[in-house]
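*Asks:* Shown below is the structure under consideration.
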Amino acid sequence: MSFTALFGDTLLTKDGDKRTKDVLSGCQAVGIYFAAQWCVPCRALTTQLAKNFTDHLESKGMRIVFVSSERDDISFKECFSEMPWVALPFGRQDLKAALISKYGVSGIPSFVILDPSGGTITKDGRAEVLKDPRSCIHLGACSQVGTH
């Protein structure tokens, strides 16, 4: 499945809306991060994941898309401002619902990792991040991330 089919035509970046295909072009893996700032476990995982992303994963070709469970746009913007990755626009609740359904997300935080073609590497990326706080390199298909 294409990333545009999953996330829509645009993703929110720190520089505004950008075309999904441009933002995710050439990536080695894509993480879908379901979280909210009001969720205490989410705040802890966000801190750890942001450090891993900045220190290791981004330079190795991983991209992360934040899918917010914030209650309003102001909270979403505040939460997103603290993250070093892109986000599904807050108003795209239709796409959020489709992603939750597709990946069986039943609570937050949740972190799904996809391969470059949109296939699922793992639906339990949260456990992978907690197991290896530096990277997801030990994941089978994610080994590509560590070699580029």
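Each chain in the structure tokens gets a letter, A, B, ..., in the order shown, and its residues are numbered from 1; ligands are numbered from 1 in order too.
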Show which residues sit within 10 Å of Asp22 in chain A, as a list in words. Count only C-alpha atoms, and ignore same-chain residues fewer than 3 positions away.
*Replies:*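 Skipping anything fewer than 3 positions along the chain leaves Thr4, Asp9, Thr10, Leu11, Lys18, Arg19, Ser25 and Gly26 of chain A.
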*Asks:* So which one's closest to Ile100 in chain A, A:Leu57, A:Ala44, A:Val67, A:Ile74? Using only C-alpha atoms, please.
*Replies:*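 Of A:Leu57, A:Ala44, A:Val67, A:Ile74, the one nearest Ile100 in chain A is A:Val67, counting only C-alpha atoms.
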*Asks:* Calculated over only C-alpha atoms, which of the candidates A:Ile113, A:Ile121, A:Ala98, A:Val65 has the smallest distance to Val23 in chain A?
*Replies:*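 Selected residue with least distance to Val23 in chain A: A:Val65.
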*Asks:* Quick one: DSSP strand (DSSP E or B) residues in range 56-130 of chain A, as a list in words?
*Replies:*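 Secondary structure check on range 56-130 of chain A, strand (DSSP E or B): Met62, Arg63, Ile64, Val65, Phe66, Val67, Ser68, Val86, Ala87, Ser110, Phe111, Val112, Ile113, Leu114, Thr120, Ile121 and Thr122 of chain A.
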*Asks:* Please return as an MDAnalysis selection string: the residues of chain A that backbone DSSP assigns to alpha helix (DSSP H).
*Replies:* chainID A and resid 3:7 20:24 40:52 73:81 93:103 125:131 143:147
*Asks:* With only C-alpha atoms as the atoms that count, which of A:Tyr33, A:Pro89, A:Ser110, A:Gln28 lies nearest to Ser59 in chain A?
*Replies:* A:Gln28
*Asks:* Give me the residues near Ser75 in chain A as a list in words, where near means some atom within 9 Å (using only C-alpha atoms) and where sequence neighbours in that chain fewer than 5 positions away do not count.
*Replies:*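 The neighbour list is Ala36, Gln37, Trp38, Glu70 and Phe80 of chain A.
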*Asks:* Output N, CA and C atoms for every residue in that selection, as an mmCIF file, in the first residue's frame.
*Replies:*
```cif
data_model
loop_
_atom_site.group_PDB
_atom_site.id
_atom_site.type_symbol
_atom_site.label_atom_id
_atom_site.label_comp_id
_atom_site.auth_asym_id
_atom_site.auth_seq_id
_atom_site.Cartn_x
_atom_site.Cartn_y
_atom_site.Cartn_z
ATOM 1 N N ALA A 36 -0.301 10.800 22.646
ATOM 2 C CA ALA A 36 -0.870 12.077 23.082
ATOM 3 C C ALA A 36 -0.071 12.576 24.277
ATOM 4 N N GLN A 37 -0.002 13.874 24.416
ATOM 5 C CA GLN A 37 0.761 14.482 25.506
ATOM 6 C C GLN A 37 0.125 14.224 26.873
ATOM 7 N N TRP A 38 -1.204 14.083 26.940
ATOM 8 C CA TRP A 38 -1.883 13.857 28.219
ATOM 9 C C TRP A 38 -1.625 12.457 28.766
ATOM 10 N N GLU A 70 -4.670 13.676 20.724
ATOM 11 C CA GLU A 70 -4.977 14.874 21.502
ATOM 12 C C GLU A 70 -6.454 15.206 21.356
ATOM 13 N N PHE A 80 3.024 18.313 19.104
ATOM 14 C CA PHE A 80 3.812 18.148 17.888
ATOM 15 C C PHE A 80 5.044 19.048 17.892
#
```
*Asks:* Would you mind listing what lies within 6 Å of Phe111 in chain A as a list in words, with only C-alpha atoms counted and same-chain residues fewer than 4 positions away left out?
*Replies:*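 Surrounding residues, per the criterion: Ile32, Tyr33, Gly125 and Arg126 of chain A.
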*Asks:* Suppose you want the space between CA of Phe34 in chain A and CA of Pro116 in chain A; what is it in Å?
*Replies:*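 We find that CA of Phe34 in chain A and CA of Pro116 in chain A lie 19.2 Å from each other.
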*Asks:* Neighbours of Gly119 in chain A within 10 Å (only C-alpha atoms; same-chain residues fewer than 6 positions away dropped), as a list in words?
*Replies:* Met1, Ser2, Ala29, Val30 and Ile113 of chain A
*Asks:* What is the CA of Asp115 in chain A to CA of Gly31 in chain A distance in Å?
*Replies:*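 Those two atoms sit 8.9 Å apart.
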*Asks:* So how far away is CA of Ala5 in chain A from CA of Cys39 in chain A, in Å?
*Replies:*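 Between CA of Cys39 in chain A and CA of Ala5 in chain A the gap works out to 28.2 Å.
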*Asks:* Considering only C-alpha atoms, state which residue in the set A:Ala127, A:Arg43, A:Arg63, A:Ser68 is at the smallest distance from Lys96 in chain A.
*Replies:*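 Selected residue with least distance to Lys96 in chain A: A:Ser68.
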